[in-house]
Amino acid sequence: MKILGIGTSHIGALVKGWGLLQKQFPDIQMEFMGSPSRRLYNASINNSIISNIAFDSSKGCVPVTNYDGFIIAGNLPAPRFFANIFKSEKYSRQFKGMVIEDIYFSSINYHVLKMLTDAMQSEKTIIQLSMPERRNVKLKLSEDEFLSTTQLMESTINRHGNVQYISQPRSTLNDHSHPIDIYYNDAVNIHGEVANHQSTASIGHLNAKGGELLLEKCLSFLSEKG
Amino acid sequence: MHPYKDLPDRQFYKLAVANRSMFDISDIWTPKFRISTKDNAATFGSCFAQHLGKALKKNGVTWIDGEKAPQRISPESRKKFNYGIFSARTGNIYTTSLLKQWLKWALEGESPPDEKWEQSGRFFDPFRPNIEPNGFASHDEMLQLREITIRALKKVVSQASVFVFTLGLTESWFNKEHGYEYPMCPGTIAGTFDSTKHLFVNQNYPFILDCLEDSIKLLRNYNSNIKILLTVSPVPLTATATNSHVVPATSYSKSVLRAVAGDIANNYDYVDYFPSYEIINSPVFKGAFFEPNQRSVNPYGVNFVMENFFSCLSNQFDDLGFSESPIKEQLITGESQNPLSKKRKTVDDTICEEELLDAFGGLK
């Protein structure tokens, strides 16, 4: 099975995670592509080859049609972002009811999904990842709140195409759904190397261990799906 | 010697207008006070006020957004739910009496009525009937969200150094029994019209003047440093309930509003009037700034108004900090990738509840 991981800087943790996981999934081959942040909007597909991308482990040689599945790591907000909105008294129920879909459709994740599905002749499984939870956010979420928000994200995102939303592994978060440091310290950049003093990376990017857990969840799903 | 001898050119029609291309007409406003990038501006009022808010923001003036939508919400949804249209989610405030009503709720703690307009199981706020696309899920939710807006309005007034208000209409609808005002005739967007309960009032000069003076007192009592900038919406009436032709009805409304705005500005140092109405409507500009429907202001008109606004300020005062080349209103854009969005018809995409009255024309 050939899988492409494509995304923003968050793809770096998956790159590094793959290095740790490869032996566990001998039937899977992975390639990775990414561009930092909004530069991913510049990526395009011509004659089935993705171009205008900053990092490409396949060196532009693999047509997208050759992949059996995709993992997209863009700028879709983490569950806590949505939970914050749902808990707020400032927004109506109607507004809260449309917010996940609205933000999902405006995200880089959806943009990449459209780009891939437009280029492929057959339906492939696409996993959508939200950004990892950030360290600096105060809102505490109970287990139930985290679960219900994640389920709502799953049911909203999965509605559109052959898509599966996969949430950040619960083991990377503490009781109040805040990040556990060991999965975030020494966060990695887009190529999978340890980022150098990038404060954004250390607040909201996973490190190799975190990437390993997240990728394991994705690949287990894809393996089961066949 | 006589008073006309040494007047500047701008005060003579032949020199200021007749001998010039209309686009060279300048110095149309002599601002009384500075508005700079150090100011915090709040905008409320009629549909045209939305253009002022956008332009102030683009030129580096802090525009107060008292009820922010969550980050990352699409511009289309933001607009659909009326976030970022005015400095609080009041909806259009077309009259000075409506302004006074909102300010009494916000600044004097007066309790708003709990009247609701129910339609197909949804609840519409009579004082901002278009604020949510399909109304609210319950009466309680409607009241709760209105209270949020009232609190936001209070905070906006406390933070603002400039309060921009665009006067829009004289025609108004009141509740006969309790005396409060609706922004729209009941039954048009939602609710049910009942001639025993609802009263049409085409407001006159003394009433509008009193309401505006009361509003200004409320503002200044709460924030003694606030300055007020008045404009009159140049947009003609969508419809009139006066049994007149809509053209003289429009003329009456705009004339009275213009007279009130001018007189109030003359009476107070901290109130000024900006002539956006004249720029769009004066025969001098030959109707060039209207869309083919002869009612909506086209982007060229909006840009011309705002260019005059900032250039007149810059001519009068130094160090205002405005951008050198203000970003002009974008002309027609393509579709966004958001499948929930609809294609834009025109750039004058302001939210205008009064325009919804158009739907009732030609039904006979």
# chains A, B, ... in the order shown; residues from 1 in each chain; ligands from 1

call {"tool": "residues_around", "arguments": {"residues": "Thr150 of chain A", "least_positions_apart": "2", "cutoff": "9 Å", "atoms": "only C-alpha atoms", "output": "list in words"}}
result
Ala78, Pro79, Glu145, Phe146, Leu147, Ser148, Leu152, Met153, Glu154, Ser155, Tyr165, Ile166 and Ser167 of chain A

call {"tool": "residues_around", "arguments": {"residues": "segment 114-131 of chain A", "least_positions_apart": "3", "cutoff": "8 Å", "atoms": "only C-alpha atoms", "output": "PDB file with N, CA, C and O atoms, in the first residue's frame"}}
result
ATOM      1  N   HIS A  10       3.038  20.700   9.953  1.00  0.00           N
ATOM      2  CA  HIS A  10       2.662  19.580  10.829  1.00  0.00           C
ATOM      3  C   HIS A  10       3.010  18.227  10.232  1.00  0.00           C
ATOM      4  O   HIS A  10       2.981  17.217  10.931  1.00  0.00           O
ATOM      5  N   SER A  44      -0.065  22.412  -6.754  1.00  0.00           N
ATOM      6  CA  SER A  44      -1.023  22.112  -7.818  1.00  0.00           C
ATOM      7  C   SER A  44      -0.694  20.741  -8.391  1.00  0.00           C
ATOM      8  O   SER A  44       0.382  20.196  -8.145  1.00  0.00           O
ATOM      9  N   ILE A  45      -1.633  20.191  -9.138  1.00  0.00           N
ATOM     10  CA  ILE A  45      -1.423  18.870  -9.749  1.00  0.00           C
ATOM     11  C   ILE A  45      -1.529  19.026 -11.259  1.00  0.00           C
ATOM     12  O   ILE A  45      -2.551  19.487 -11.777  1.00  0.00           O
ATOM     13  N   SER A  48      -1.037  14.570 -13.112  1.00  0.00           N
ATOM     14  CA  SER A  48      -1.003  13.702 -11.918  1.00  0.00           C
ATOM     15  C   SER A  48       0.210  13.891 -11.023  1.00  0.00           C
ATOM     16  O   SER A  48       0.394  13.123 -10.085  1.00  0.00           O
ATOM     17  N   VAL A  64      -0.005  11.099  -8.332  1.00  0.00           N
ATOM     18  CA  VAL A  64      -0.931  10.931  -7.195  1.00  0.00           C
ATOM     19  C   VAL A  64      -1.820   9.709  -7.388  1.00  0.00           C
ATOM     20  O   VAL A  64      -2.272   9.101  -6.422  1.00  0.00           O
ATOM     21  N   THR A  65      -2.052   9.343  -8.647  1.00  0.00           N
ATOM     22  CA  THR A  65      -2.918   8.200  -8.923  1.00  0.00           C
ATOM     23  C   THR A  65      -2.281   6.883  -8.464  1.00  0.00           C
ATOM     24  O   THR A  65      -2.960   5.866  -8.358  1.00  0.00           O
ATOM     25  N   ASP A  68      -2.542   4.734  -2.727  1.00  0.00           N
ATOM     26  CA  ASP A  68      -3.771   4.054  -2.310  1.00  0.00           C
ATOM     27  C   ASP A  68      -4.520   4.842  -1.247  1.00  0.00           C
ATOM     28  O   ASP A  68      -5.712   4.582  -1.012  1.00  0.00           O
ATOM     29  N   GLY A  69      -3.840   5.763  -0.621  1.00  0.00           N
ATOM     30  CA  GLY A  69      -4.496   6.559   0.422  1.00  0.00           C
ATOM     31  C   GLY A  69      -3.673   7.793   0.729  1.00  0.00           C
ATOM     32  O   GLY A  69      -2.503   7.896   0.348  1.00  0.00           O
ATOM     33  N   PHE A  70      -4.304   8.735   1.411  1.00  0.00           N
ATOM     34  CA  PHE A  70      -3.662  10.016   1.705  1.00  0.00           C
ATOM     35  C   PHE A  70      -3.921  10.412   3.156  1.00  0.00           C
ATOM     36  O   PHE A  70      -4.998  10.116   3.700  1.00  0.00           O
ATOM     37  N   ILE A  71      -2.943  11.089   3.718  1.00  0.00           N
ATOM     38  CA  ILE A  71      -3.118  11.675   5.057  1.00  0.00           C
ATOM     39  C   ILE A  71      -2.837  13.165   4.907  1.00  0.00           C
ATOM     40  O   ILE A  71      -1.757  13.548   4.445  1.00  0.00           O
ATOM     41  N   ILE A  72      -3.811  13.990   5.249  1.00  0.00           N
ATOM     42  CA  ILE A  72      -3.668  15.444   5.091  1.00  0.00           C
ATOM     43  C   ILE A  72      -3.543  16.085   6.475  1.00  0.00           C
ATOM     44  O   ILE A  72      -4.395  15.903   7.339  1.00  0.00           O
ATOM     45  N   ALA A  73      -2.468  16.826   6.648  1.00  0.00           N
ATOM     46  CA  ALA A  73      -2.232  17.534   7.917  1.00  0.00           C
ATOM     47  C   ALA A  73      -2.128  19.024   7.607  1.00  0.00           C
ATOM     48  O   ALA A  73      -1.062  19.504   7.257  1.00  0.00           O
ATOM     49  N   GLY A  74      -3.238  19.732   7.717  1.00  0.00           N
ATOM     50  CA  GLY A  74      -3.262  21.138   7.312  1.00  0.00           C
ATOM     51  C   GLY A  74      -3.424  22.075   8.487  1.00  0.00           C
ATOM     52  O   GLY A  74      -2.711  21.989   9.485  1.00  0.00           O
ATOM     53  N   ASN A  75      -4.423  22.956   8.375  1.00  0.00           N
ATOM     54  CA  ASN A  75      -4.645  23.945   9.429  1.00  0.00           C
ATOM     55  C   ASN A  75      -6.038  23.816  10.044  1.00  0.00           C
ATOM     56  O   ASN A  75      -6.575  24.768  10.584  1.00  0.00           O
ATOM     57  N   LEU A  76      -6.608  22.636   9.939  1.00  0.00           N
ATOM     58  CA  LEU A  76      -7.909  22.419  10.575  1.00  0.00           C
ATOM     59  C   LEU A  76      -7.738  22.535  12.088  1.00  0.00           C
ATOM     60  O   LEU A  76      -6.882  21.860  12.657  1.00  0.00           O
ATOM     61  N   PRO A  77      -8.516  23.387  12.734  1.00  0.00           N
ATOM     62  CA  PRO A  77      -8.293  23.586  14.173  1.00  0.00           C
ATOM     63  C   PRO A  77      -8.542  22.315  14.976  1.00  0.00           C
ATOM     64  O   PRO A  77      -9.312  21.440  14.589  1.00  0.00           O
ATOM     65  N   ALA A  78      -7.894  22.271  16.137  1.00  0.00           N
ATOM     66  CA  ALA A  78      -8.030  21.140  17.047  1.00  0.00           C
ATOM     67  C   ALA A  78      -9.380  21.184  17.752  1.00  0.00           C
ATOM     68  O   ALA A  78     -10.016  22.236  17.810  1.00  0.00           O
ATOM     69  N   PRO A  79      -9.826  20.070  18.332  1.00  0.00           N
ATOM     70  CA  PRO A  79     -11.131  20.035  19.014  1.00  0.00           C
ATOM     71  C   PRO A  79     -11.342  21.130  20.037  1.00  0.00           C
ATOM     72  O   PRO A  79     -12.438  21.658  20.172  1.00  0.00           O
ATOM     73  N   ASN A 109      -6.832  21.942   4.585  1.00  0.00           N
ATOM     74  CA  ASN A 109      -7.162  20.513   4.498  1.00  0.00           C
ATOM     75  C   ASN A 109      -8.158  20.251   3.368  1.00  0.00           C
ATOM     76  O   ASN A 109      -7.995  19.345   2.559  1.00  0.00           O
ATOM     77  N   TYR A 110      -9.209  21.045   3.346  1.00  0.00           N
ATOM     78  CA  TYR A 110     -10.254  20.840   2.340  1.00  0.00           C
ATOM     79  C   TYR A 110      -9.748  21.192   0.948  1.00  0.00           C
ATOM     80  O   TYR A 110     -10.074  20.526  -0.042  1.00  0.00           O
ATOM     81  N   HIS A 111      -8.938  22.242   0.901  1.00  0.00           N
ATOM     82  CA  HIS A 111      -8.356  22.657  -0.380  1.00  0.00           C
ATOM     83  C   HIS A 111      -7.531  21.505  -0.986  1.00  0.00           C
ATOM     84  O   HIS A 111      -7.653  21.179  -2.169  1.00  0.00           O
ATOM     85  N   ASN A 162     -14.887  10.216   0.612  1.00  0.00           N
ATOM     86  CA  ASN A 162     -14.386   9.015   1.289  1.00  0.00           C
ATOM     87  C   ASN A 162     -13.322   9.435   2.300  1.00  0.00           C
ATOM     88  O   ASN A 162     -12.139   9.125   2.180  1.00  0.00           O
ATOM     89  N   VAL A 163     -13.780  10.187   3.301  1.00  0.00           N
ATOM     90  CA  VAL A 163     -12.872  10.865   4.219  1.00  0.00           C
ATOM     91  C   VAL A 163     -13.067  10.333   5.630  1.00  0.00           C
ATOM     92  O   VAL A 163     -14.184  10.059   6.042  1.00  0.00           O
ATOM     93  N   GLN A 164     -11.986  10.210   6.355  1.00  0.00           N
ATOM     94  CA  GLN A 164     -12.052   9.837   7.756  1.00  0.00           C
ATOM     95  C   GLN A 164     -11.269  10.876   8.555  1.00  0.00           C
ATOM     96  O   GLN A 164     -10.080  11.092   8.295  1.00  0.00           O
ATOM     97  N   TYR A 165     -11.932  11.505   9.510  1.00  0.00           N
ATOM     98  CA  TYR A 165     -11.241  12.398  10.432  1.00  0.00           C
ATOM     99  C   TYR A 165     -10.626  11.532  11.535  1.00  0.00           C
ATOM    100  O   TYR A 165     -11.290  10.682  12.113  1.00  0.00           O
ATOM    101  N   ILE A 166      -9.345  11.756  11.783  1.00  0.00           N
ATOM    102  CA  ILE A 166      -8.699  11.034  12.884  1.00  0.00           C
ATOM    103  C   ILE A 166      -8.171  12.057  13.875  1.00  0.00           C
ATOM    104  O   ILE A 166      -7.454  12.991  13.498  1.00  0.00           O
ATOM    105  N   SER A 167      -8.527  11.876  15.117  1.00  0.00           N
ATOM    106  CA  SER A 167      -8.137  12.851  16.138  1.00  0.00           C
ATOM    107  C   SER A 167      -6.761  12.502  16.703  1.00  0.00           C
ATOM    108  O   SER A 167      -6.285  11.364  16.590  1.00  0.00           O
ATOM    109  N   GLN A 168      -6.193  13.479  17.336  1.00  0.00           N
ATOM    110  CA  GLN A 168      -4.906  13.308  18.008  1.00  0.00           C
ATOM    111  C   GLN A 168      -5.050  12.210  19.069  1.00  0.00           C
ATOM    112  O   GLN A 168      -6.061  12.153  19.755  1.00  0.00           O
ATOM    113  N   GLY A 204       2.703  24.357  19.381  1.00  0.00           N
ATOM    114  CA  GLY A 204       1.624  23.613  18.740  1.00  0.00           C
ATOM    115  C   GLY A 204       2.050  22.520  17.787  1.00  0.00           C
ATOM    116  O   GLY A 204       1.230  22.058  17.014  1.00  0.00           O
ATOM    117  N   HIS A 205       3.313  22.124  17.804  1.00  0.00           N
ATOM    118  CA  HIS A 205       3.734  21.055  16.900  1.00  0.00           C
ATOM    119  C   HIS A 205       4.173  19.838  17.698  1.00  0.00           C
ATOM    120  O   HIS A 205       4.809  19.957  18.730  1.00  0.00           O
ATOM    121  N   CYS A 218      -3.247   6.499  12.200  1.00  0.00           N
ATOM    122  CA  CYS A 218      -3.689   6.657  10.795  1.00  0.00           C
ATOM    123  C   CYS A 218      -3.426   5.374  10.011  1.00  0.00           C
ATOM    124  O   CYS A 218      -4.294   4.892   9.278  1.00  0.00           O
ATOM    125  N   LEU A 222      -5.870   2.729   7.991  1.00  0.00           N
ATOM    126  CA  LEU A 222      -5.741   2.458   6.556  1.00  0.00           C
ATOM    127  C   LEU A 222      -5.504   0.977   6.295  1.00  0.00           C
ATOM    128  O   LEU A 222      -6.020   0.403   5.330  1.00  0.00           O
TER     129      LEU A 222
END

call {"tool": "interface_residues", "arguments": {"of": "chain B", "to": "chain A", "cutoff": "10 Å", "atoms": "only C-alpha atoms", "output": "count of residues only"}}
result
35

call {"tool": "select_by_dssp", "arguments": {"residues": "segment 1-240 of chain B", "states": "alpha helix (DSSP H)", "output": "PyMOL selection string"}}
result
chain B and resi 13+49-58+75-80+96-107+139-159+205-222

call {"tool": "atom_distance", "arguments": {"atom1": "atom CA of Ile6 of chain A", "atom2": "atom CA of Val112 of chain A"}}
result
8.4 Å

call {"tool": "closest_atom_pairs", "arguments": {"of": "segment 111-195 of chain B", "to": "segment 47-53 of chain B", "cutoff": "12 Å", "atoms": "only C-alpha atoms", "output": "JSON lines"}}
result
{"residue": "B:Val162", "atom": "CA", "partner": "B:Gly53", "partner_atom": "CA", "distance": 11.5}
{"residue": "B:Phe163", "atom": "CA", "partner": "B:Gly53", "partner_atom": "CA", "distance": 10.7}
{"residue": "B:Val164", "atom": "CA", "partner": "B:Ala49", "partner_atom": "CA", "distance": 7.8}
{"residue": "B:Phe165", "atom": "CA", "partner": "B:Ala49", "partner_atom": "CA", "distance": 7.0}
{"residue": "B:Thr166", "atom": "CA", "partner": "B:Ala49", "partner_atom": "CA", "distance": 5.6}
{"residue": "B:Leu167", "atom": "CA", "partner": "B:Ala49", "partner_atom": "CA", "distance": 8.8}
{"residue": "B:Gly168", "atom": "CA", "partner": "B:Cys47", "partner_atom": "CA", "distance": 7.8}
{"residue": "B:Leu169", "atom": "CA", "partner": "B:Cys47", "partner_atom": "CA", "distance": 10.7}

call {"tool": "atom_distance", "arguments": {"atom1": "atom CA of Val15 of chain A", "atom2": "atom CA of Arg135 of chain A"}}
result
21.6 Å

call {"tool": "atom_distance", "arguments": {"atom1": "atom CA of Ser296 of chain B", "atom2": "atom CA of Gly187 of chain B"}}
result
24.3 Å

call {"tool": "residues_around", "arguments": {"residues": "segment 151-159 of chain B", "least_positions_apart": "3", "cutoff": "12 Å", "atoms": "only C-alpha atoms", "output": "PyMOL selection string"}}
result
(chain A and resi 90) or (chain B and resi 39-44+62-68+86-91+99+102-109+144-148+162-164+215-216+218-228)

call {"tool": "closest_residue", "arguments": {"among": "A:Gly97, A:Gly5, A:Pro132, A:Gly226", "to": "Asn207 of chain A", "atoms": "only C-alpha atoms"}}
result
A:Pro132

call {"tool": "residues_around", "arguments": {"residues": "Lys209 of chain A", "least_positions_apart": "2", "cutoff": "9 Å", "atoms": "only C-alpha atoms", "output": "compact mmCIF listing (two decimals) with C-alpha atoms, in the first residue's frame"}}
result
# COMPACT_ATOMS: atom_id res chain seq x y z
CA ALA A 13 6.14 15.08 12.96
CA LYS A 16 9.92 11.65 11.84
CA GLY A 17 7.26 9.32 13.19
CA LEU A 20 10.20 5.03 14.02
CA ILE A 182 7.00 14.68 26.15
CA TYR A 183 5.08 14.65 22.84
CA TYR A 184 5.80 18.30 22.10
CA LEU A 206 4.26 17.44 17.81
CA ASN A 207 7.71 15.94 18.11
CA GLY A 211 4.15 12.03 15.31
CA GLU A 212 4.76 8.32 15.74
CA LEU A 213 1.59 7.85 17.80
CA LEU A 214 -0.51 9.91 15.43

call {"tool": "residues_around", "arguments": {"residues": "segment 23-36 of chain A", "least_positions_apart": "3", "cutoff": "6 Å", "atoms": "only C-alpha atoms", "output": "ChimeraX atom specification"}}
result
/A:1-9,39-40,53-58

call {"tool": "write_last_selection", "arguments": {"atoms": "C-alpha atoms", "output": "mmCIF file, in the first residue's frame"}}
result
data_model
loop_
_atom_site.group_PDB
_atom_site.id
_atom_site.type_symbol
_atom_site.label_atom_id
_atom_site.label_comp_id
_atom_site.auth_asym_id
_atom_site.auth_seq_id
_atom_site.Cartn_x
_atom_site.Cartn_y
_atom_site.Cartn_z
ATOM 1 C CA MET A 1 0.000 0.000 0.000
ATOM 2 C CA LYS A 2 1.365 3.388 -0.997
ATOM 3 C CA ILE A 3 0.382 6.290 1.207
ATOM 4 C CA LEU A 4 1.089 9.990 0.764
ATOM 5 C CA GLY A 5 1.274 12.282 3.760
ATOM 6 C CA ILE A 6 0.765 15.872 2.628
ATOM 7 C CA GLY A 7 0.449 18.991 4.689
ATOM 8 C CA THR A 8 1.797 22.107 6.264
ATOM 9 C CA SER A 9 4.609 22.189 8.842
ATOM 10 C CA ARG A 39 2.213 28.222 0.973
ATOM 11 C CA LEU A 40 0.508 24.854 0.666
ATOM 12 C CA ILE A 53 5.572 22.147 -3.033
ATOM 13 C CA ALA A 54 8.477 22.990 -0.714
ATOM 14 C CA PHE A 55 9.284 19.500 0.527
ATOM 15 C CA ASP A 56 8.767 16.306 -1.480
ATOM 16 C CA SER A 57 10.331 13.030 -0.443
ATOM 17 C CA SER A 58 9.252 11.459 -3.746
#

call {"tool": "residues_around", "arguments": {"residues": "Leu313 of chain B", "least_positions_apart": "4", "cutoff": "12 Å", "atoms": "only C-alpha atoms", "output": "list in words"}}
result
Ser26, Asp27, Ile28, Trp29, Thr30, Pro31, Lys32, Phe33, Arg34, Ile35, Ser36, Thr37, Phe274, Met306, Glu307, Asn308, Phe309, Phe317, Asp318, Asp319, Leu320, Gly321 and Phe322 of chain B

call {"tool": "write_last_selection", "arguments": {"atoms": "C-alpha atoms", "output": "PDB file, in the first residue's frame"}}
result
ATOM      1  CA  SER B  26     -12.108  68.828  -3.836  1.00  0.00           C
ATOM      2  CA  ASP B  27     -12.100  70.361  -0.349  1.00  0.00           C
ATOM      3  CA  ILE B  28     -15.699  69.310  -0.067  1.00  0.00           C
ATOM      4  CA  TRP B  29     -15.341  68.889   3.713  1.00  0.00           C
ATOM      5  CA  THR B  30     -13.474  70.856   6.324  1.00  0.00           C
ATOM      6  CA  PRO B  31     -13.205  68.457   9.252  1.00  0.00           C
ATOM      7  CA  LYS B  32     -13.688  69.939  12.715  1.00  0.00           C
ATOM      8  CA  PHE B  33     -11.576  67.394  14.509  1.00  0.00           C
ATOM      9  CA  ARG B  34      -8.833  64.887  13.786  1.00  0.00           C
ATOM     10  CA  ILE B  35      -9.548  61.290  12.987  1.00  0.00           C
ATOM     11  CA  SER B  36      -6.292  59.392  12.816  1.00  0.00           C
ATOM     12  CA  THR B  37      -4.860  55.934  13.152  1.00  0.00           C
ATOM     13  CA  PHE B 274     -19.302  64.467   6.506  1.00  0.00           C
ATOM     14  CA  MET B 306     -13.748  57.577   0.962  1.00  0.00           C
ATOM     15  CA  GLU B 307     -10.956  59.233  -1.014  1.00  0.00           C
ATOM     16  CA  ASN B 308     -12.542  62.568  -0.209  1.00  0.00           C
ATOM     17  CA  PHE B 309     -12.935  61.588   3.433  1.00  0.00           C
ATOM     18  CA  PHE B 317      -4.406  67.929   9.853  1.00  0.00           C
ATOM     19  CA  ASP B 318      -0.841  66.566   9.907  1.00  0.00           C
ATOM     20  CA  ASP B 319       0.407  63.176  11.037  1.00  0.00           C
ATOM     21  CA  LEU B 320      -2.794  61.236  10.787  1.00  0.00           C
ATOM     22  CA  GLY B 321      -0.936  58.049   9.871  1.00  0.00           C
ATOM     23  CA  PHE B 322      -3.204  56.973   7.021  1.00  0.00           C
TER      24      PHE B 322
END

call {"tool": "residues_around", "arguments": {"residues": "Ala249 of chain B", "least_positions_apart": "6", "cutoff": "10 Å", "atoms": "only C-alpha atoms", "output": "JSON, numbers by chain"}}
result
{"B": [170, 171, 202, 236, 237, 239, 240, 241, 242, 243, 255]}
